[in-house]
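Structure file query-v2.txt; described as compact mmCIF, C-alpha atoms and all ligand atoms.
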# COMPACT_ATOMS: atom_id res chain seq x y z
CA MET A 1 25.83 27.40 31.67
CA GLU A 2 22.47 28.46 33.02
CA CYS A 3 20.95 29.41 29.71
CA PRO A 4 17.21 29.16 29.17
CA LYS A 5 16.23 25.98 27.34
CA GLU A 6 14.29 28.15 24.99
CA ILE A 7 17.52 29.27 23.31
CA VAL A 8 18.30 25.82 21.95
CA LEU A 9 14.68 25.44 20.82
CA LEU A 10 15.03 28.73 18.96
CA MET A 11 18.15 27.41 17.25
CA HIS A 12 16.24 24.39 16.01
CA SER A 13 13.35 26.55 14.84
CA TYR A 14 15.94 28.41 12.84
CA PHE A 15 17.05 25.18 11.16
CA ASP A 16 13.46 24.15 10.56
CA GLY A 17 12.89 27.46 8.82
CA ASP A 18 10.11 28.62 11.07
CA LEU A 19 11.79 31.08 13.38
CA GLN A 20 9.59 34.15 13.90
CA PRO A 21 11.13 37.67 13.94
CA GLU A 22 10.75 38.04 17.73
CA GLY A 23 12.44 34.68 18.26
CA GLU A 24 15.21 35.59 15.88
CA GLN A 25 15.78 38.82 17.78
CA ARG A 26 15.93 36.96 21.07
CA LEU A 27 18.31 34.34 19.72
CA LYS A 28 20.65 36.95 18.21
CA GLU A 29 20.79 38.91 21.43
CA HIS A 30 21.58 35.83 23.45
CA LEU A 31 24.25 34.58 21.07
CA ARG A 32 25.98 37.94 21.18
CA SER A 33 26.31 37.76 24.95
CA CYS A 34 26.81 33.99 25.47
CA ALA A 35 29.89 32.26 24.10
CA ALA A 36 28.68 28.76 24.99
CA CYS A 37 25.46 29.11 23.03
CA ALA A 38 27.25 30.82 20.17
CA ALA A 39 29.58 27.80 19.94
CA HIS A 40 26.63 25.44 20.12
CA PHE A 41 24.92 27.27 17.29
CA HIS A 42 28.10 27.30 15.22
CA GLU A 43 28.49 23.54 15.67
CA LEU A 44 24.94 22.91 14.58
CA LYS A 45 25.46 25.04 11.48
CA LYS A 46 28.60 23.13 10.64
CA THR A 47 26.84 19.82 11.18
CA VAL A 48 24.05 20.76 8.81
CA ALA A 49 26.58 21.93 6.23
CA PHE A 50 28.43 18.61 6.45
CA LEU A 51 25.20 16.70 6.00
CA GLN A 52 24.28 18.70 2.92
CA TYR A 53 27.77 18.36 1.56
CA ALA A 54 27.66 14.59 1.88
CA ALA A 55 24.33 14.30 0.11
CA HIS A 56 25.51 13.46 -3.38
CA VAL A 57 25.55 9.77 -4.09
CA ALA A 58 24.33 8.21 -7.33
CA ALA A 59 22.98 4.76 -8.05
CA PRO A 60 25.45 2.38 -9.73
CA PRO A 61 25.37 2.60 -13.54
CA SER A 62 23.64 -0.71 -14.18
CA PHE A 63 21.03 -0.20 -11.47
CA ALA A 64 17.95 0.47 -13.64
CA ALA A 65 18.72 -2.46 -15.94
CA LYS A 66 19.09 -4.78 -12.95
CA VAL A 67 15.74 -3.67 -11.55
CA MET A 68 14.00 -4.32 -14.85
CA GLU A 69 15.65 -7.70 -15.08
CA ALA A 70 14.54 -8.66 -11.59
CA MET A 71 10.95 -7.58 -12.22
CA PRO A 72 8.36 -10.31 -11.91
CA LYS A 73 7.34 -11.48 -15.36
CA GLU A 74 3.92 -10.23 -16.29
CA ARG A 75 1.68 -13.21 -15.76
CA LYS A 76 -1.97 -13.69 -16.47
CA THR A 77 -2.68 -13.96 -12.75
CA ALA A 78 -1.03 -10.59 -12.15
CA ARG A 79 -3.17 -9.05 -14.82
CA LEU A 80 -6.26 -10.71 -13.41
CA ARG A 81 -5.44 -9.47 -9.93
CA ARG A 82 -5.01 -5.95 -11.25
CA PHE A 83 -8.33 -6.23 -13.06
CA MET A 84 -10.04 -7.45 -9.91
CA HIS A 85 -8.55 -4.61 -7.96
CA ARG A 86 -9.85 -2.05 -10.40
CA HIS A 87 -13.30 -3.60 -10.93
CA PRO A 88 -14.39 -4.96 -7.57
CA LEU A 89 -18.11 -4.99 -8.40
CA LEU A 90 -17.72 -6.81 -11.67
CA THR A 91 -15.39 -9.27 -9.98
CA ALA A 92 -17.88 -9.91 -7.20
CA ALA A 93 -20.69 -10.42 -9.72
CA SER A 94 -18.78 -12.86 -11.90
CA LEU A 95 -17.45 -14.68 -8.87
CA PHE A 96 -21.00 -15.03 -7.58
CA LEU A 97 -22.17 -16.32 -10.94
CA ALA A 98 -19.33 -18.83 -11.18
CA LEU A 99 -20.00 -20.13 -7.68
CA THR A 100 -23.72 -20.35 -8.32
CA LEU A 101 -23.23 -22.20 -11.58
CA SER A 102 -20.80 -24.69 -10.14
CA SER A 103 -22.93 -25.39 -7.08
CA LEU A 104 -26.00 -25.72 -9.26
CA ALA A 105 -24.24 -28.02 -11.66
CA SER A 106 -23.22 -30.28 -8.81
CA SER A 107 -26.67 -30.13 -7.21
CA TRP A 108 -28.10 -31.24 -10.53
CA GLY A 109 -25.98 -34.35 -10.39
CA GLU A 110 -27.33 -35.56 -7.09
CA ARG A 111 -30.87 -36.66 -7.75
CA GLY A 112 -32.77 -35.73 -4.67
CA ALA A 113 -36.00 -37.03 -3.26
CA PHE A 114 -39.34 -36.65 -4.92
CA SER A 115 -41.10 -33.47 -3.90
CA VAL A 116 -44.03 -31.39 -4.94
CA SER A 117 -44.92 -27.85 -4.00
CA ALA A 118 -48.72 -28.28 -3.96
CA ASP A 119 -50.53 -30.95 -2.03
CA GLU A 120 -54.10 -29.76 -1.94
CA HIS A 121 -56.39 -30.96 -4.70
CA VAL A 122 -53.78 -33.39 -6.04
CA ILE A 123 -53.26 -37.13 -5.81
CA ILE A 124 -49.74 -38.49 -5.49
CA ARG A 125 -49.05 -42.00 -6.75
CA ASP A 126 -45.65 -43.57 -7.48
CA HIS A 127 -43.74 -40.31 -7.89
CA THR A 128 -46.44 -38.95 -10.11
CA VAL A 129 -48.60 -36.02 -9.22
CA ILE A 130 -52.13 -36.20 -10.57
CA VAL A 131 -54.41 -33.22 -10.88
CA PRO A 132 -57.75 -35.03 -11.10
CA LYS A 133 -60.51 -34.15 -13.51
CA GLY A 134 -62.73 -31.36 -12.24
CA GLU A 135 -60.13 -30.14 -9.72
CA THR A 136 -58.46 -26.74 -9.97
CA VAL A 137 -55.09 -26.10 -8.31
CA LYS A 138 -54.65 -22.42 -7.55
CA GLY A 139 -50.98 -21.41 -7.65
CA ASP A 140 -47.76 -22.74 -9.15
CA ILE A 141 -46.70 -26.38 -8.97
CA VAL A 142 -43.10 -27.50 -8.91
CA VAL A 143 -42.42 -31.23 -9.12
CA ARG A 144 -38.91 -32.53 -8.46
CA ASN A 145 -37.76 -36.01 -9.43
CA GLY A 146 -41.22 -37.01 -10.48
CA SER A 147 -43.85 -36.49 -13.15
CA ILE A 148 -47.17 -34.75 -13.36
CA ARG A 149 -50.39 -35.80 -15.04
CA ILE A 150 -52.85 -32.98 -15.49
CA GLU A 151 -56.44 -33.98 -16.03
CA GLY A 152 -57.99 -31.03 -14.24
CA THR A 153 -56.85 -27.40 -14.30
CA VAL A 154 -53.86 -25.53 -12.87
CA ASP A 155 -54.27 -21.83 -12.30
CA GLY A 156 -50.54 -21.01 -12.38
CA ASP A 157 -47.17 -22.27 -13.70
CA VAL A 158 -46.17 -25.91 -13.83
CA THR A 159 -42.51 -26.86 -13.60
CA VAL A 160 -41.21 -30.41 -13.72
CA ILE A 161 -37.61 -31.04 -12.77
CA HIS A 162 -36.18 -34.46 -13.64
CA GLY A 163 -39.50 -35.71 -14.82
CA LYS A 164 -42.27 -35.67 -17.43
CA LYS A 165 -45.50 -33.82 -17.80
CA TYR A 166 -48.59 -35.45 -19.20
CA MET A 167 -51.52 -33.34 -20.19
CA ALA A 168 -54.88 -34.47 -21.51
CA SER A 169 -55.15 -31.32 -23.58
CA ALA A 170 -53.78 -27.81 -23.84
CA GLY A 171 -55.40 -24.92 -22.04
CA GLN A 172 -55.54 -26.72 -18.74
CA VAL A 173 -52.67 -24.66 -17.38
CA THR A 174 -53.09 -20.90 -17.27
CA GLY A 175 -49.37 -20.15 -16.71
CA GLU A 176 -46.19 -21.54 -18.23
CA VAL A 177 -45.42 -25.23 -18.42
CA GLU A 178 -41.80 -26.23 -18.24
CA GLU A 179 -39.90 -29.49 -18.16
CA ILE A 180 -36.34 -29.38 -16.94
CA ASN A 181 -34.18 -32.35 -17.82
CA GLN A 182 -30.91 -30.71 -18.80
CA VAL A 183 -28.31 -29.19 -16.59
CA PHE A 184 -28.40 -25.93 -18.54
CA GLU A 185 -32.13 -25.71 -18.24
CA TRP A 186 -31.72 -26.30 -14.54
CA ILE A 187 -29.22 -23.48 -14.19
CA TRP A 188 -31.35 -21.18 -16.27
CA TYR A 189 -34.37 -22.00 -14.16
CA ASN A 190 -32.46 -21.17 -10.98
CA ILE A 191 -31.18 -17.90 -12.31
CA LYS A 192 -34.70 -16.89 -13.37
CA GLU A 193 -36.00 -17.86 -9.94
CA LYS A 194 -33.33 -15.87 -8.12
CA PHE A 195 -33.82 -12.94 -10.43
CA ASN A 196 -37.57 -12.93 -9.88
CA ARG A 197 -37.10 -13.19 -6.15
CA ALA A 198 -34.66 -10.31 -6.25
CA LEU A 199 -37.14 -8.26 -8.26
CA GLN A 200 -39.90 -9.05 -5.82
CA SER A 201 -37.77 -8.00 -2.90
CA ILE A 202 -37.05 -4.71 -4.65
CA GLU A 203 -40.70 -4.13 -5.41
CA MET B 1 6.81 20.82 -12.71
CA TYR B 2 3.30 20.37 -14.07
CA PHE B 3 4.69 18.66 -17.15
CA MET B 4 6.64 16.27 -14.94
CA ASP B 5 3.55 15.34 -12.92
CA LEU B 6 1.67 14.64 -16.12
CA PHE B 7 4.48 12.49 -17.43
CA ILE B 8 4.52 10.47 -14.22
CA LYS B 9 0.74 10.07 -14.21
CA LYS B 10 0.79 8.76 -17.76
CA ARG B 11 3.53 6.29 -16.94
CA ILE B 12 1.59 4.98 -13.97
CA LYS B 13 -1.57 4.53 -16.05
CA ALA B 14 0.43 2.57 -18.61
CA ILE B 15 1.93 0.38 -15.90
CA GLN B 16 -1.48 -0.31 -14.45
CA LYS B 17 -2.59 -1.44 -17.90
CA GLY B 18 0.27 -3.95 -17.88
CA ASP B 19 3.00 -2.08 -19.75
CA GLN B 20 6.08 -3.11 -17.83
CA ASN B 21 8.41 -1.00 -19.94
CA ALA B 22 6.70 2.16 -18.77
CA TYR B 23 8.12 1.39 -15.36
CA ALA B 24 11.69 1.68 -16.65
CA ASP B 25 11.16 5.43 -17.07
CA LEU B 26 10.13 5.79 -13.44
CA VAL B 27 13.06 3.71 -12.22
CA ASP B 28 15.38 5.94 -14.20
CA LEU B 29 13.80 9.05 -12.78
CA TYR B 30 14.02 8.04 -9.12
CA LYS B 31 16.89 5.55 -8.93
CA ASP B 32 19.41 8.04 -7.53
CA LYS B 33 17.08 9.35 -4.86
CA ILE B 34 16.01 5.90 -3.69
CA TYR B 35 19.48 4.43 -3.85
CA ARG B 36 20.87 7.38 -1.89
CA LEU B 37 18.21 7.03 0.77
CA CYS B 38 18.98 3.31 1.14
CA TYR B 39 22.71 3.94 1.23
CA ARG B 40 22.42 6.62 3.89
CA MET B 41 20.09 4.49 5.96
CA LEU B 42 22.07 1.26 5.67
CA GLY B 43 25.61 2.57 5.25
CA ASN B 44 26.66 -0.10 2.82
CA ARG B 45 26.61 0.09 -0.95
CA HIS B 46 25.87 -3.53 -1.57
CA GLU B 47 22.96 -3.63 0.87
CA ALA B 48 21.76 -0.31 -0.44
CA GLU B 49 21.60 -1.62 -3.98
CA ASP B 50 19.61 -4.67 -2.92
CA ALA B 51 17.25 -2.60 -0.81
CA ALA B 52 16.69 0.01 -3.53
CA GLN B 53 16.00 -2.72 -6.05
CA GLU B 54 13.56 -4.39 -3.68
CA ALA B 55 11.81 -1.06 -3.08
CA PHE B 56 11.28 -0.54 -6.81
CA ILE B 57 9.96 -4.05 -7.27
CA ARG B 58 7.60 -3.70 -4.31
CA ALA B 59 6.31 -0.44 -5.71
CA TYR B 60 5.69 -2.11 -9.06
CA ILE B 61 3.85 -5.06 -7.55
CA HIS B 62 1.66 -2.81 -5.44
CA ILE B 63 1.17 -0.09 -8.04
CA ASP B 64 -2.60 -0.46 -7.71
CA THR B 65 -2.49 0.62 -4.10
CA TYR B 66 -0.82 3.89 -5.07
CA ASN B 67 -3.08 6.83 -4.34
CA PRO B 68 -2.57 9.49 -7.03
CA GLU B 69 -3.37 12.25 -4.55
CA MET B 70 0.06 11.62 -3.07
CA LYS B 71 3.22 12.50 -4.97
CA PHE B 72 4.65 9.39 -6.54
CA SER B 73 8.06 10.17 -5.05
CA THR B 74 6.52 10.42 -1.57
CA TRP B 75 5.02 6.97 -2.01
CA LEU B 76 8.32 5.53 -3.27
CA TYR B 77 10.21 7.12 -0.40
CA ARG B 78 7.72 5.63 2.02
CA ILE B 79 8.25 2.12 0.64
CA ALA B 80 12.03 2.50 0.67
CA THR B 81 12.12 4.02 4.16
CA ASN B 82 9.96 1.28 5.64
CA LEU B 83 12.09 -1.32 3.94
CA THR B 84 15.37 0.03 5.29
CA ILE B 85 13.93 0.47 8.78
CA ASP B 86 12.84 -3.19 8.65
CA LYS B 87 16.34 -4.21 7.64
CA LEU B 88 17.89 -2.14 10.41
CA ARG B 89 15.60 -3.73 12.98
CA LYS B 90 16.61 -7.20 11.84
CA ARG B 91 20.24 -6.41 12.57
CA LYS B 92 21.75 -7.09 15.95
CA PRO B 93 20.03 -4.96 18.56
CA ASP B 94 23.22 -4.07 20.45
CA VAL B 95 24.34 -1.87 17.59
CA TYR B 96 21.74 0.67 18.64
CA LEU B 97 21.52 3.19 21.34
CA ASP B 98 18.63 3.12 23.69
CA GLU B 99 16.20 5.48 22.04
CA GLU B 100 14.33 6.32 25.19
CA VAL B 101 17.25 7.60 27.22
CA GLY B 102 16.81 11.09 25.88
CA GLY B 103 13.48 11.58 27.56
CA THR B 104 11.55 14.61 26.40
CA ASP B 105 14.43 16.97 26.33
CA GLY B 106 16.53 15.35 23.65
CA LEU B 107 19.51 17.46 24.54
CA THR B 108 20.46 15.02 27.25
CA MET B 109 20.61 12.22 24.72
CA GLN B 110 23.91 13.44 23.35
CA ALA B 111 25.53 12.56 26.67
CA GLN B 112 24.64 8.93 26.03
CA LEU B 113 26.25 8.84 22.64
CA PRO B 114 29.77 7.53 22.40
CA SER B 115 31.73 10.50 21.24
CA ARG B 116 34.01 9.21 18.57
CA GLU B 117 35.39 12.42 17.24
CA ALA B 118 37.02 12.58 13.90
CA SER B 119 40.54 13.92 13.88
CA PRO B 120 41.22 17.13 11.92
CA GLU B 121 43.15 15.12 9.32
CA GLU B 122 40.04 13.18 8.54
CA ALA B 123 38.24 16.34 7.61
CA VAL B 124 40.84 17.29 5.03
CA GLU B 125 40.03 14.72 2.43
CA SER B 126 36.51 15.18 1.14
CA LEU B 127 35.95 11.46 0.70
CA GLU B 128 36.99 10.92 4.26
CA LEU B 129 34.61 13.59 5.39
CA GLN B 130 31.83 11.82 3.51
CA GLU B 131 32.77 8.65 5.32
CA THR B 132 32.81 10.41 8.66
CA VAL B 133 29.41 11.92 8.07
CA GLN B 134 28.03 8.56 7.02
CA ARG B 135 29.42 6.81 10.13
CA ALA B 136 27.89 9.53 12.29
CA ILE B 137 24.50 8.99 10.65
CA GLU B 138 24.82 5.26 11.26
CA ARG B 139 25.25 5.87 14.95
CA LEU B 140 21.83 7.46 15.10
CA PRO B 141 18.90 5.35 16.22
CA GLU B 142 16.73 4.59 13.20
CA LYS B 143 13.96 7.02 14.09
CA TYR B 144 16.33 9.99 14.09
CA ARG B 145 18.29 8.60 11.20
CA SER B 146 15.28 8.49 8.88
CA VAL B 147 14.28 12.12 9.45
CA ILE B 148 17.87 13.36 9.14
CA VAL B 149 18.39 11.46 5.89
CA LEU B 150 15.08 12.59 4.40
CA LYS B 151 15.69 16.19 5.39
CA TYR B 152 19.37 16.67 4.62
CA MET B 153 20.23 14.00 2.09
CA GLU B 154 16.98 14.08 0.15
CA ASP B 155 16.27 17.75 0.80
CA LEU B 156 12.56 17.18 1.50
CA SER B 157 10.16 19.51 3.26
CA LEU B 158 8.93 18.76 6.77
CA GLN B 159 5.47 18.21 5.28
CA GLU B 160 6.76 15.58 2.85
CA ILE B 161 8.72 13.84 5.57
CA SER B 162 5.62 13.73 7.72
CA GLU B 163 3.71 12.09 4.84
CA ILE B 164 6.46 9.58 4.14
CA LEU B 165 6.77 8.49 7.75
CA GLY B 166 3.10 8.87 8.61
CA LEU B 167 3.98 11.12 11.55
CA PRO B 168 2.73 14.57 12.57
CA VAL B 169 4.99 17.46 11.54
CA GLY B 170 5.57 18.20 15.24
CA THR B 171 7.02 14.73 15.79
CA VAL B 172 9.23 15.12 12.72
CA LYS B 173 10.56 18.39 14.16
CA THR B 174 11.31 16.83 17.54
CA ARG B 175 13.20 13.98 15.92
CA LEU B 176 15.14 16.33 13.66
CA HIS B 177 16.04 18.40 16.67
CA ARG B 178 17.38 15.37 18.55
CA GLY B 179 19.10 14.02 15.48
CA ARG B 180 20.88 17.31 14.85
CA GLU B 181 22.04 17.50 18.46
CA ALA B 182 23.36 13.95 18.39
CA LEU B 183 25.22 14.63 15.15
CA ARG B 184 26.59 17.91 16.49
CA ARG B 185 28.40 15.91 19.17
CA GLN B 186 30.23 13.99 16.48
CA LEU B 187 30.60 16.46 13.64
CA GLY B 188 30.48 19.87 15.27
CA HIS B 189 34.18 19.85 16.23
CA LEU B 190 35.59 18.90 12.86
ZN ZN C 301 23.66 30.77 26.39
The structure in this file should be written as structure tokens.
Amino acid sequence: MECPKEIVLLMHSYFDGDLQPEGEQRLKEHLRSCAACAAHFHELKKTVAFLQYAAHVAAPPSFAAKVMEAMPKERKTARLRRFMHRHPLLTAASLFLALTLSSLASSWGERGAFSVSADEHVIIRDHTVIVPKGETVKGDIVVRNGSIRIEGTVDGDVTVIHGKKYMASAGQVTGEVEEINQVFEWIWYNIKEKFNRALQSIE
Amino acid sequence: MYFMDLFIKKRIKAIQKGDQNAYADLVDLYKDKIYRLCYRMLGNRHEAEDAAQEAFIRAYIHIDTYNPEMKFSTWLYRIATNLTIDKLRKRKPDVYLDEEVGGTDGLTMQAQLPSREASPEEAVESLELQETVQRAIERLPEKYRSVIVLKYMEDLSLQEISEILGLPVGTVKTRLHRGREALRRQLGHL
């Protein structure tokens, strides 16, 4: 009865297939001299044989067909989800674009307050920004929900959103002049802005 | 073996592209293994069929999470094993033995097992022996049951079992050891 615990551990190493030669020697010697452990080992061997004997069971004949029948029908959403899983960056980019466009489109709808980005050297009267004769505005001007009348000079870009530009003559604006009165122009303007800002932050 | 791996890889690529029929080949290839695992774990053909079917459908739905560095069969086995363990846990708790009673030794656990020994007559008929073996497996707590089934019914290596269960090989060995001892109490005298 007083057998070292190691003996049973050696038996299990044997079944795990990693019994070393010295261990095997020790186990054999003990089993030869100890009937209790020999019986224990024999029972384990039998148990393993029974388990292996019982292994063979096959799936019912119609199993595969039933699985295929129960499969979720391939839907567009499943395909989309798979696509998103495989192209996370593209998904993120298009999602960003979609969100930006929809929020821009709705922000276009709500006509905000009149605003202007330059207030030096300009006169503001009834939602109209006037660059007086002889004055030079250095930098870009953005007018929202109002118009601009340029009689002097602008050394930069002029952008009018929801409004009109009036110019006495060409050549008074050194940069680009743009009027934005369409939702698409508005979106395009925002994308350009964001893109330029992104470029600047990279530079 | 190499050819088989290539075949499986191609099927998986096709499935990921949306070809559902490509999956039928994989179901055919693994249905017996997965069904057998479920049957041995659950001990009931009807439940086993449902569980195996569910395992295949889960694998299909989550095919994009399959990591090709792992054998496809290992991944399938993992899904099926987790599923059956979940089902076992949802059954009545009093069916199970207290898993902790064995302590670290494991050999003392056998004393806690009810020893329902099969009569010699039972061993005569092979079908009856199958039944007896199955009932003995069902008496094992799920953590010993899963390693015993994967090792002896599915004939997997300790390394594969460790991957399927997400356990170190040492833990797999300990559980096998305890599982074998518990089964010896029931089957060793037949
Ligand atoms: Zn001994």
Note to self: So that I can check the surroundings of Asp155 of chain B, please list as a VMD selection string every protein, DNA and RNA residue that reaches within 9 Å of it, counting all atoms listed in the file and ignoring chain neighbours fewer than 3 positions away.
What the structure shows: (chain A and resid 52 55) or (chain B and resid 149 to 152)
Notebook entry, point to check: Please, which residues of chain A lie no more than 10 Å from chain B when the count uses only C-alpha atoms, and can they be set out as a ChimeraX atom specification?
Noted result: /A:5,8-9,11-13,15-17,39-60,63-68,70-75,78-79,81-83,85-86
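Near ligand ZN 301 (chain C), at distances of 12 Å or less and with all atoms listed in the file counted, sit the residues Met1, Glu2, Cys3, Pro4, Lys5, Glu6, Ile7, Val8, Leu9, Leu10, Met11, Arg26, Leu27, Lys28, Glu29, His30, Leu31, Arg32, Ser33, Cys34, Ala35, Ala36, Cys37, Ala38, Ala39, His40 and Phe41 of chain A.
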Check: Using all atoms listed in the file, which of the listed residues (B:Leu76, B:Val172, B:Ile161, B:Leu88) sits closest to Ala59 of chain B?
Finding: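 The shortest atom-to-atom distance to Ala59 of chain B comes from B:Leu76.
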Notebook entry, point to check: Mind pulling up the distance from atom CA of Gly139 of chain A to atom CA of Gly175 of chain A?
Noted result: 9.3 Å
Notebook entry, point to check: To one decimal place, how far is atom CA of Lys138 of chain A from atom CA of Ser117 of chain A in Å?
Noted result: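 Answer for the atom CA of Lys138 of chain A to atom CA of Ser117 of chain A separation: 11.7 Å.
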Checklist line | Coordinates-based distance that separates atom CA of Phe3 of chain B from atom CA of Arg78 of chain B (Å, one decimal) | finding: 23.4 Å
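The closest residue to Asn145 of chain A, picked from A:Ala105, A:Ile161, A:Val183, A:Ile124 and counting all atoms listed in the file, is A:Ile161.
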Next item on the list: Please tell me which residues are no farther than 12 Å from (-32.2, -26.8, -17.2) in the file, counting only C-alpha atoms, and write them as a list of chain:residue names.
Entry: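 The answer, in the requested form, is A:Leu101, A:Leu104, A:Ala105, A:Ser107, A:Trp108, A:Gly109, A:Thr159, A:Val160, A:Ile161, A:His162, A:Gly163, A:Glu178, A:Glu179, A:Ile180, A:Asn181, A:Gln182, A:Val183, A:Phe184, A:Glu185, A:Trp186, A:Ile187, A:Trp188, A:Tyr189, A:Asn190, A:Ile191, A:Lys192.
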Next item on the list: For a cut-off of 8 Å around (-42.6, -36.0, -10.1), file coordinates, pick out all residues using only C-alpha atoms and list them as a PyMOL selection string.
Entry: chain A and resi 114-116+127-129+143-148+160-164
Check: Counting all atoms listed in the file, what is within 9 Å of Ala22 of chain B, bar same-chain residues fewer than 6 positions away, as a PyMOL selection string?
Finding: chain B and resi 10-12+14-15
Check: Restricting the calculation to all atoms listed in the file, which member of B:Asp5, B:His46, B:Ile164, B:Glu69 is positioned closest to Thr81 of chain B?
Finding: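 For Thr81 of chain B, the nearest of the candidates is B:Ile164.
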